[in-house]
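Here's the structure, in structure tokens; my notes come after.
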Amino acid sequence: MAPTSTTDTQTVSSLKRLVSLLEEENAQLQCKMVKKPVQSLTREGRAVRRLVTLVEPVVDLVAEYDRRQIQAAEQQVSSNSELILPTTEQQYTYRAYEKLVQWCPSIRKLVGLAAEADTAGLDVALACTELQKGADGARGDDCATLKTAVAQWLNESRPPPDPPFNSREKYGRGFNHDLTGKLLCPVDYNWADADVRTAIKEYHPDFRVTADSWPSFLYADGEYDPNNPAKGLFKGKYLVMTFRCIFTSPSSAQHELGSGDTARRTQPLKATWRSRQHVARLLKMNTVQPRAIAYVATQLRFALSSCPSWTTVDEDFNHEEFYHNIVDYFELPSSAWKALEVNELLLWWNRNVFGRENIAHYRPQRTESLSVSLSKKA
């Protein structure tokens, strides 16, 4: 069966983009920047690490979209061609691409351009470069902010840590300090046991610290119930403080936790919120996003560790696997009951982060069941 003109157009467009992406490193392309101002694309790219993907390059996300477009065209041309299922890694990449076009509208527009635009592929390649700059810049800024902020929070805890944490250096953190060691300790191990602490510090093979165990800081009060592993999960105090520090403001990190009522009462007045654009508003993030929680958890884990500079793998702990585990927990619930549990957890997060400011976004009223709507039908 011959492909339709639409299929031809999509395939040609995808192939053009692939060629342009492969030529991205050519310095001559930098002088041919097109319609979208560079500064605007870079600002837009600050959403990538926070809301899209932890480490994958933007160009790889677009390339996965193109791969699927080309594969679909080939399937349509030849009915005898074998259906090739995507790998787990390709699925992760494509899910990230779907988030990319949601949070970075420039890419959505450029990828959707018709094939007759000769510079369409070039536009996408250069846009990816600028988005990448914004993505990595935002992650670096957040790392620097949390390096100081986390040390301050820990030093203000009671009883105070001994020795206190240095806000400029990280060598005294991680499993080198009892407090950060307790927060980083996998909940499957008992940090209070001196033998366990020694085994972790000495890299005993039976006490490896990997992304296959949740660290203690993810749980409310650091308490893990093996009979109910989800109880208190993603409700850790420092986790919420980190989220607020990045997405609302460093000062909002100090607000007390609760069901959400406390966050609502202690929130600044609306006039104060309007006078300053916080990161969530700049990103147009009106509700707490699962990938934002995963990003924040990864940033906090890094800030608590003794690792001096950002790296995907810290000894046995893989930050990318950790990130994916959290994303899957929220985005791929194992049952309908688990999905309801996740929805309630996100409601808890929204009330503690946004209070009533964005309530119409994160819990819209079902007006069809309220008195005004019912009275019109009576």
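How things are named: the first chain in the structure tokens is A, the next is B, and so on; residues count from 1 in each chain; ligands count from 1 in the order shown.
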
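The shell of residues at most 12 Å from Asn318 of chain A, with only C-alpha atoms counted and near chain neighbours (fewer than 2 positions) removed, consists of Leu54, Val55, Arg208, Val209, Thr210, Ala211, Asp212, Ser213, Thr298, Arg301, Phe302, Trp310, Thr311, Thr312, Val313, Asp314, Glu315, Asp316, Glu320, Glu321, Phe322, Tyr323, His324 and Asn325 of chain A.
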
Each segment 322-372 of chain A residue no farther than 10 Å from segment 243-247 of chain A, nearest pair in Å, only C-alpha atoms, as a tab-separated table:
```
residue	atom	partner	partner_atom	distance
A:Trp349	CA	A:Phe243	CA	9.8
A:Asn352	CA	A:Arg244	CA	9.1
A:Val353	CA	A:Arg244	CA	6.5
A:Phe354	CA	A:Arg244	CA	9.2
```

Problem - Expected answer as a ChimeraX atom specification: helix (DSSP H, G or I) residues in segment 136-286 of chain A - result: /A:136-155,174-176,178-184,194-201,205-207,216-218,220-222,237-247,251-254,261-266,270-274,279-282

Quick one: everything within 10 Å of segment 335-347 of chain A, counting only C-alpha atoms, minus sequence neighbours fewer than 5 positions away in the same chain. Send it as a CSV table (one decimal) with N, CA and C atoms, in the first residue's frame.
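out27.csv, freshly written:
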```csv
chain,number,residue,atom,x,y,z
A,230,ALA,N,4.1,2.2,52.0
A,230,ALA,CA,3.7,3.4,51.4
A,230,ALA,C,3.3,4.5,52.5
A,232,GLY,N,3.5,7.3,54.8
A,232,GLY,CA,4.4,8.4,55.0
A,232,GLY,C,5.4,8.6,53.9
A,233,LEU,N,5.4,7.8,52.9
A,233,LEU,CA,6.3,7.9,51.8
A,233,LEU,C,6.1,9.2,51.0
A,234,PHE,N,7.2,9.9,50.7
A,234,PHE,CA,7.2,11.2,50.0
A,234,PHE,C,6.5,12.3,50.8
A,235,LYS,N,6.6,12.2,52.1
A,235,LYS,CA,6.1,13.2,53.0
A,235,LYS,C,7.2,13.7,54.0
A,259,SER,N,-1.8,19.3,57.1
A,259,SER,CA,-2.7,18.7,56.1
A,259,SER,C,-2.8,19.7,55.0
A,260,GLY,N,-2.3,20.9,55.1
A,260,GLY,CA,-2.4,21.9,54.1
A,260,GLY,C,-3.0,23.2,54.7
A,287,THR,N,0.1,23.2,39.5
A,287,THR,CA,-0.1,22.0,40.4
A,287,THR,C,1.2,21.3,40.6
A,288,VAL,N,1.4,20.6,41.7
A,288,VAL,CA,2.6,19.9,41.9
A,288,VAL,C,2.7,18.7,40.9
A,289,GLN,N,3.8,18.7,40.2
A,289,GLN,CA,4.0,17.6,39.2
A,289,GLN,C,4.9,16.5,39.8
A,290,PRO,N,4.5,15.2,39.5
A,290,PRO,CA,5.3,14.1,39.9
A,290,PRO,C,6.8,14.2,39.6
A,293,ILE,N,8.6,16.4,41.9
A,293,ILE,CA,8.9,15.7,43.2
A,293,ILE,C,10.1,14.8,43.0
A,329,TYR,N,6.4,5.5,40.2
A,329,TYR,CA,5.5,5.4,41.4
A,329,TYR,C,4.3,6.3,41.2
A,330,PHE,N,4.5,7.5,40.7
A,330,PHE,CA,3.4,8.4,40.5
A,330,PHE,C,2.6,8.2,39.2
A,352,ASN,N,0.2,21.6,50.8
A,352,ASN,CA,1.3,22.0,51.5
A,352,ASN,C,2.3,23.0,50.8
A,353,VAL,N,2.2,22.9,49.4
A,353,VAL,CA,3.0,23.8,48.6
A,353,VAL,C,2.3,25.1,48.2
A,359,ILE,N,-6.0,26.2,44.1
A,359,ILE,CA,-6.9,25.1,44.4
A,359,ILE,C,-7.8,24.8,43.2
A,362,TYR,N,-5.7,22.3,41.1
A,362,TYR,CA,-5.4,21.0,41.6
A,362,TYR,C,-6.6,20.2,42.2
A,363,ARG,N,-7.6,20.9,42.5
A,363,ARG,CA,-8.9,20.2,42.9
A,363,ARG,C,-10.1,21.0,42.5
```

Exercise for the section: Show which residues sit within 12 Å of Tyr189 of chain A, as a PyMOL selection string. Count only C-alpha atoms, and ignore same-chain residues fewer than 6 positions away. Expected result: chain A and resi 181-183+195-200+206-210+213-216+223-224+226

Practice task
Provide the atom CA of Leu85 of chain A to atom CA of Asp66 of chain A distance in Å, to one decimal place.
Solution key: 15.3 Å
